[in-house]
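Notes to accompany the following structure.
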Amino acid sequence: MGRKRSDKIVFDNVKVLDAGAKGVSVAKAPDGKVIFIPNVVPGDVVDIQTFKKRKSYYEGKAINIHEYSEHRIDPVCSHFGSCGGCKWQKMKYSQQLFYKNQEVYNNLKRIGKIELPDFEPILGSEKQFFYRNKMEFSFSNSRWMTEEEIQSGKEIDNANALGFHIPKMWDKILDITHCSLQEDPSNAIRNEIRDFANKNGLTFFNPRNHEGLLRTLMIRTASTGEIMVLIQFFEDDKEKRELILDFLAERFPQITSLQYVINSKANDTLYDQDIKLYKGRDYILEEMEGLKFSINAKSFYQTNSDQAFELYKITREFAGLTGNELVYDLYTGTGTIAQFVSKKAKKVVGVEAVPEAIADAKENAKRNNITNCEFFVGDMKVVFNEEFISTHGKPDVIITDPPRDGMHKDVVEQILKIAPEKVVYVSCNSATQARDLALMDEKYKVTRVRPVDMFPQTHHVENVVLLEKR
Ligand SMILES: C[S@@+](CC[C@H](N)C(=O)[O-])C[C@H]1O[C@@H](n2cnc3c(N)ncnc32)[C@H](O)[C@@H]1O
């Protein structure tokens with residue numbers, strides 16, 4: 001049973017049983033309650049100190065490891081443990097896929113409570129590192145000190161950092177020297193900006209007092225080799241701004257699009273900001289199956305380009321188009337799925353809430369000489385109504401790819417009302433997908449399910465479901 005240390009309980013020799021939601025592992029306490037613990041792998045045997053007690057569960061951390069799970073591997077990243085980014089790096093990729101698949105299955109079964117076909121095997125990502133095409137880093141003069149640094153007792157003469165937020169600490173940034181998520185020159189660009197800024201006395205953002213020159217850095221890369229770099233400044237200082245932008249342009253002539261923003265707002269989101277082009281063009285081009293997609297600083301584009309291609313191929317296959325169908329692509333973003341399936345459809349109608357994304361979708365379709373796609377802006381639950389359907393026609397197939405919250409119930413109702421033969425539901429959150437599938441169960445049978453991993457080393461998983469009319 002548990003020993004007591006102050007008001008915290010310690011459970012000895014507990015086997016970690018499962019990897020649960022949000023990437024946290026699960027064990028069972030001797031009293032039968034569940035314990036959630038981060039940074040361990042199912043199969044490990046550990047001593048656990050709890051720091052939170054709830055009615056049905058504890059939250060705790062491993063304070064001692066007795067046995068290492070056979071599913072463990074050494075994390076490749078030197079920042080692992082401090083950085084919250086790749087929580088599953090300690091677990092073999094085959095096991096990551098196993099738990100992702102299980103999460104989807106459990107959600108569809110327990111939340112959806114629907115009849116399910118056998119799952120098609122989860123599609124792993126060929127690239128398990130360096131798969132992201134977009135990274136965002138923050139500057140801060142309040143660097144997160146690692147345990148080792150604190151233990152070393154060394155005096156800190158420079159607290160500047162350029163990297164990631166420490167989970168749950170809005171003002172602390174972990175300085176990142178090497179990140180294995182985005183291909184080079186991503187690391188070189190970030191590191192050289194930091195060094196140049198330090199050498200030249202350019203100030204890093206102070207998140208408490210709201211002062212400093214440098215605020216955030218975004219790097220986007222594309223399979224075409226094109227690169228976008230955007231620096232967000234807090235202070236408007238032309239001389240210093242140009243100093244660092246000129247340095248970047250000269251040091252990395254391969255940057256296709258060099259942009260900046262001066263943002264003195266409280267938050268650092270770019271979406272309401274006036275983005276300025278410094279050098280090159282204001283977009284980069286991504287390419288997929290001969291289609292070109294322009295991506296500007298504000299555009300949404302699937303973060304793992306190679307795996308997006310796989311996801312779209314599965315979506316298109318599930319849709320089973322013959323060339324005669326009217327397809328609706330709900331939550332179309334920049335119209336990528338719509339254009340991807342357009343060759344196999346009579347016409348595709350894309351709907352999306354963000355006007356800039358729809359402007360991109362139209363421009364991309366034009367660039368790709370696609371004439372059978374039409375795009376419309378609006379909140380789905382408002383736009384997708386009787387009038388819209390009588391204007392654009394009753395779809396034979398609906399493809400839907402909503403955000404994490406899933407579809408609004410009015411949208412689900414509308415789908416049920418018009419009842420197309422097939423619905424292909426792409427989701428990045430199988431819990432909300434399960435809820436929606438349950439609502440559709442009266443009219444639709446789930447006939448195919450295939451999870452797809454877009455984000456190795458994390459617990460996130462995408463899922464594609466085919467629904468066919470009963
Ligand atoms: C998961 S993304 C899908 C994007 C696209 N299918 C792709 O693969 O690039 C979800 C999209 O839904 C849009 N969205 C979110 N809420 C919406 C709403 N209420 N009405 C319409 N679109 C919405 C977002 O802007 C985003 O582009």
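To be explicit about the labels: the chains of the structure tokens are called A, B, and onward in the order shown, and within each one the residues are counted from 1, while ligands get numbers from 1 in the order they are shown.
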
Query - Site check for ligand 1: residues at most 7 Å away, only C-alpha atoms and all ligand atoms, as number ranges by chain - result: A: 300-302, 331-337, 351-354, 378-381, 401-403, 428

Write a file of the selected residues as a PDB file, in the first residue's frame, keeping N, CA and C atoms.
ATOM      1  N   PHE A 300      -4.020  28.091 -43.567  1.00  0.00           N
ATOM      2  CA  PHE A 300      -3.951  26.770 -42.947  1.00  0.00           C
ATOM      3  C   PHE A 300      -3.495  25.795 -44.026  1.00  0.00           C
ATOM      4  N   TYR A 301      -2.512  24.994 -43.706  1.00  0.00           N
ATOM      5  CA  TYR A 301      -2.149  23.884 -44.586  1.00  0.00           C
ATOM      6  C   TYR A 301      -1.775  22.739 -43.675  1.00  0.00           C
ATOM      7  N   GLN A 302      -2.214  21.521 -44.000  1.00  0.00           N
ATOM      8  CA  GLN A 302      -1.900  20.368 -43.154  1.00  0.00           C
ATOM      9  C   GLN A 302      -0.413  20.364 -42.844  1.00  0.00           C
ATOM     10  N   TYR A 331     -15.904  22.377 -44.516  1.00  0.00           N
ATOM     11  CA  TYR A 331     -14.689  22.795 -43.784  1.00  0.00           C
ATOM     12  C   TYR A 331     -13.478  22.626 -44.701  1.00  0.00           C
ATOM     13  N   THR A 332     -13.576  23.234 -45.868  1.00  0.00           N
ATOM     14  CA  THR A 332     -12.612  22.961 -46.944  1.00  0.00           C
ATOM     15  C   THR A 332     -11.261  23.623 -46.737  1.00  0.00           C
ATOM     16  N   GLY A 333     -11.140  24.577 -45.801  1.00  0.00           N
ATOM     17  CA  GLY A 333      -9.862  25.286 -45.606  1.00  0.00           C
ATOM     18  C   GLY A 333      -9.499  25.998 -46.889  1.00  0.00           C
ATOM     19  N   THR A 334      -8.293  25.731 -47.408  1.00  0.00           N
ATOM     20  CA  THR A 334      -7.888  26.353 -48.666  1.00  0.00           C
ATOM     21  C   THR A 334      -8.281  25.478 -49.867  1.00  0.00           C
ATOM     22  N   GLY A 335      -9.259  24.633 -49.650  1.00  0.00           N
ATOM     23  CA  GLY A 335      -9.815  23.872 -50.775  1.00  0.00           C
ATOM     24  C   GLY A 335      -8.928  22.744 -51.265  1.00  0.00           C
ATOM     25  N   THR A 336      -8.064  22.250 -50.403  1.00  0.00           N
ATOM     26  CA  THR A 336      -7.121  21.218 -50.847  1.00  0.00           C
ATOM     27  C   THR A 336      -7.824  19.896 -51.168  1.00  0.00           C
ATOM     28  N   ILE A 337      -8.685  19.441 -50.262  1.00  0.00           N
ATOM     29  CA  ILE A 337      -9.373  18.162 -50.536  1.00  0.00           C
ATOM     30  C   ILE A 337     -10.270  18.326 -51.765  1.00  0.00           C
ATOM     31  N   VAL A 351     -16.947  24.659 -48.643  1.00  0.00           N
ATOM     32  CA  VAL A 351     -17.452  25.695 -47.726  1.00  0.00           C
ATOM     33  C   VAL A 351     -16.496  25.816 -46.547  1.00  0.00           C
ATOM     34  N   GLU A 352     -16.249  27.066 -46.131  1.00  0.00           N
ATOM     35  CA  GLU A 352     -15.242  27.314 -45.103  1.00  0.00           C
ATOM     36  C   GLU A 352     -15.520  28.690 -44.464  1.00  0.00           C
ATOM     37  N   ALA A 353     -15.185  28.818 -43.171  1.00  0.00           N
ATOM     38  CA  ALA A 353     -15.502  30.059 -42.447  1.00  0.00           C
ATOM     39  C   ALA A 353     -14.496  31.196 -42.687  1.00  0.00           C
ATOM     40  N   VAL A 354     -13.256  30.855 -42.996  1.00  0.00           N
ATOM     41  CA  VAL A 354     -12.224  31.911 -43.070  1.00  0.00           C
ATOM     42  C   VAL A 354     -12.129  32.481 -44.490  1.00  0.00           C
ATOM     43  N   GLY A 378     -18.392  31.092 -45.030  1.00  0.00           N
ATOM     44  CA  GLY A 378     -19.433  31.273 -44.022  1.00  0.00           C
ATOM     45  C   GLY A 378     -19.345  30.250 -42.917  1.00  0.00           C
ATOM     46  N   ASP A 379     -20.022  30.568 -41.824  1.00  0.00           N
ATOM     47  CA  ASP A 379     -20.116  29.621 -40.718  1.00  0.00           C
ATOM     48  C   ASP A 379     -21.003  28.464 -41.188  1.00  0.00           C
ATOM     49  N   MET A 380     -20.498  27.265 -41.046  1.00  0.00           N
ATOM     50  CA  MET A 380     -21.172  26.098 -41.633  1.00  0.00           C
ATOM     51  C   MET A 380     -22.631  25.985 -41.207  1.00  0.00           C
ATOM     52  N   LYS A 381     -22.882  26.193 -39.921  1.00  0.00           N
ATOM     53  CA  LYS A 381     -24.256  25.957 -39.443  1.00  0.00           C
ATOM     54  C   LYS A 381     -25.223  26.993 -40.022  1.00  0.00           C
ATOM     55  N   ASP A 401     -14.477  17.674 -42.888  1.00  0.00           N
ATOM     56  CA  ASP A 401     -13.211  17.661 -42.150  1.00  0.00           C
ATOM     57  C   ASP A 401     -13.238  18.802 -41.136  1.00  0.00           C
ATOM     58  N   PRO A 402     -14.088  18.660 -40.093  1.00  0.00           N
ATOM     59  CA  PRO A 402     -14.284  19.775 -39.162  1.00  0.00           C
ATOM     60  C   PRO A 402     -13.104  19.965 -38.214  1.00  0.00           C
ATOM     61  N   PRO A 403     -13.076  21.110 -37.486  1.00  0.00           N
ATOM     62  CA  PRO A 403     -12.038  21.305 -36.471  1.00  0.00           C
ATOM     63  C   PRO A 403     -12.263  20.365 -35.277  1.00  0.00           C
ATOM     64  N   CYS A 428      -9.753  15.076 -36.697  1.00  0.00           N
ATOM     65  CA  CYS A 428      -8.513  15.086 -35.905  1.00  0.00           C
ATOM     66  C   CYS A 428      -8.847  14.848 -34.433  1.00  0.00           C
TER      67      CYS A 428
END

Set the distance at 10 Å and use only C-alpha atoms: which residues neighbour segment 175-185 of chain A once local chain neighbours fewer than 6 positions away are removed? I'd like the list as a compact mmCIF listing (two decimals) with C-alpha atoms, in the first residue's frame.
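Everything below was put into result-v6.txt:
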# COMPACT_ATOMS: atom_id res chain seq x y z
CA VAL A 76 16.50 11.32 -29.89
CA CYS A 77 15.99 14.85 -28.68
CA SER A 78 18.21 16.48 -26.09
CA HIS A 79 15.27 18.66 -24.99
CA PHE A 80 13.05 15.68 -24.23
CA CYS A 83 9.94 20.38 -23.89
CA GLY A 85 6.33 18.85 -27.76
CA CYS A 86 7.02 15.17 -28.41
CA LYS A 127 8.88 10.21 -41.68
CA GLN A 128 8.87 9.87 -37.92
CA PHE A 129 10.93 13.04 -37.47
CA PHE A 130 11.37 16.18 -39.54
CA TYR A 131 7.82 15.87 -40.82
CA ARG A 132 6.43 19.32 -39.94
CA ASN A 133 6.25 22.07 -42.53
CA LYS A 134 5.51 24.81 -40.03
CA MET A 135 7.10 25.73 -36.72
CA PHE A 137 9.09 29.76 -31.87
CA SER A 138 8.88 32.46 -29.21
CA PHE A 139 11.52 34.91 -28.04
CA SER A 140 11.73 35.60 -24.35
CA SER A 142 12.88 34.75 -19.33
CA ARG A 143 14.51 31.49 -20.25
CA TRP A 144 13.35 28.28 -18.61
CA MET A 145 16.17 26.87 -16.50
CA THR A 146 16.53 23.11 -16.69
CA ALA A 159 18.44 34.65 -19.88
CA ASN A 160 17.37 35.11 -23.51
CA ALA A 161 15.65 32.20 -25.19
CA LEU A 162 14.20 31.36 -28.57
CA GLY A 163 12.11 28.22 -28.50
CA PHE A 164 8.92 26.74 -27.10
CA HIS A 165 6.64 27.56 -24.21
CA ILE A 166 7.03 25.29 -21.24
CA ASN A 191 19.91 29.38 -34.01
CA ARG A 194 19.26 33.97 -31.73
CA ILE A 219 9.31 29.10 -40.33
CA ARG A 220 7.38 27.34 -43.08
CA THR A 221 8.97 24.88 -45.46
CA ALA A 222 7.47 23.14 -48.47
CA ILE A 227 10.91 28.57 -47.39
CA PHE A 252 19.96 32.41 -46.09
CA GLN A 254 17.27 30.34 -50.18
CA ILE A 255 14.42 32.02 -48.23
CA ASN A 304 2.69 17.05 -42.34
CA PHE A 455 2.01 13.52 -35.87
CA PRO A 456 4.57 10.91 -34.81
CA GLN A 457 5.96 11.30 -31.26

**Report entry** Residue neighbourhood segment 54-67 of chain A, 7 Å, only C-alpha atoms, exclusion window fewer than 5 positions, as a ChimeraX atom specification
**Finding:** /A:33-38,44-49

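With only C-alpha atoms as the atoms that count, the residue of A:Ile9, A:Met228, A:Ile114, A:Asp396 with the shortest distance to Thr447 of chain A is A:Ile114.
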
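The gap separating atom CA of Met169 of chain A from atom CA of Glu235 of chain A is 23.3 Å, in Å to one decimal.
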
Query - Neighbour list for segment 461-464 of chain A as a ChimeraX atom specification, cut-off 7 Å, only C-alpha atoms, skip fewer than 2 positions in-chain - result: /A:100,315,424-430,449-455,459,466

**Report entry** Long-range neighbours of Thr203 of chain A as JSON, numbers by chain, 10 Å cut-off, only C-alpha atoms, 3 positions minimum in chain
**Finding:** {"A": [139, 140, 141, 160, 197, 198, 200, 206, 211, 212, 213, 214, 215, 234, 235, 240]}

Requested in this report: Run DSSP on the backbone of this structure and report the residues of segment 122-247 of chain A it assigns to alpha helix (DSSP H), as an MDAnalysis selection string.
Outcome: chainID A and resid 147:152 186:199 238:247

Got time to write the residues from that selection, C-alpha atoms, as a PDB file, in the first residue's frame?
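What landed in again_19.pdb:
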ATOM      1  CA  GLU A 147      17.119  21.018 -13.552  1.00  0.00           C
ATOM      2  CA  GLU A 148      20.751  20.490 -14.579  1.00  0.00           C
ATOM      3  CA  GLU A 149      21.355  24.204 -14.959  1.00  0.00           C
ATOM      4  CA  ILE A 150      19.906  24.921 -11.561  1.00  0.00           C
ATOM      5  CA  GLN A 151      21.884  22.071  -9.974  1.00  0.00           C
ATOM      6  CA  SER A 152      25.102  23.297 -11.562  1.00  0.00           C
ATOM      7  CA  SER A 186      14.948  25.372 -39.813  1.00  0.00           C
ATOM      8  CA  ASN A 187      17.386  24.758 -36.952  1.00  0.00           C
ATOM      9  CA  ALA A 188      20.098  26.852 -38.563  1.00  0.00           C
ATOM     10  CA  ILE A 189      17.744  29.785 -39.141  1.00  0.00           C
ATOM     11  CA  ARG A 190      16.466  29.777 -35.564  1.00  0.00           C
ATOM     12  CA  ASN A 191      19.915  29.383 -34.012  1.00  0.00           C
ATOM     13  CA  GLU A 192      21.546  32.020 -36.164  1.00  0.00           C
ATOM     14  CA  ILE A 193      18.780  34.526 -35.458  1.00  0.00           C
ATOM     15  CA  ARG A 194      19.265  33.974 -31.735  1.00  0.00           C
ATOM     16  CA  ASP A 195      23.050  34.357 -31.974  1.00  0.00           C
ATOM     17  CA  PHE A 196      22.847  37.437 -34.156  1.00  0.00           C
ATOM     18  CA  ALA A 197      20.297  39.087 -31.870  1.00  0.00           C
ATOM     19  CA  ASN A 198      22.401  38.358 -28.804  1.00  0.00           C
ATOM     20  CA  LYS A 199      25.603  39.635 -30.427  1.00  0.00           C
ATOM     21  CA  LYS A 238      13.160  50.292 -38.203  1.00  0.00           C
ATOM     22  CA  GLU A 239      16.921  50.276 -37.858  1.00  0.00           C
ATOM     23  CA  LYS A 240      17.129  47.200 -35.668  1.00  0.00           C
ATOM     24  CA  ARG A 241      14.406  45.440 -37.628  1.00  0.00           C
ATOM     25  CA  GLU A 242      16.260  45.907 -40.883  1.00  0.00           C
ATOM     26  CA  LEU A 243      19.511  44.879 -39.280  1.00  0.00           C
ATOM     27  CA  ILE A 244      18.209  41.425 -38.483  1.00  0.00           C
ATOM     28  CA  LEU A 245      16.105  41.003 -41.620  1.00  0.00           C
ATOM     29  CA  ASP A 246      19.074  41.969 -43.824  1.00  0.00           C
ATOM     30  CA  PHE A 247      21.255  39.550 -41.944  1.00  0.00           C
TER      31      PHE A 247
END

Requested in this report: Can you work out the spacing between atom CA of Thr269 of chain A and atom CA of Ile295 of chain A in Å, to one decimal?
Outcome: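 One can read the atom CA of Thr269 of chain A to atom CA of Ile295 of chain A distance as 17.4 Å.
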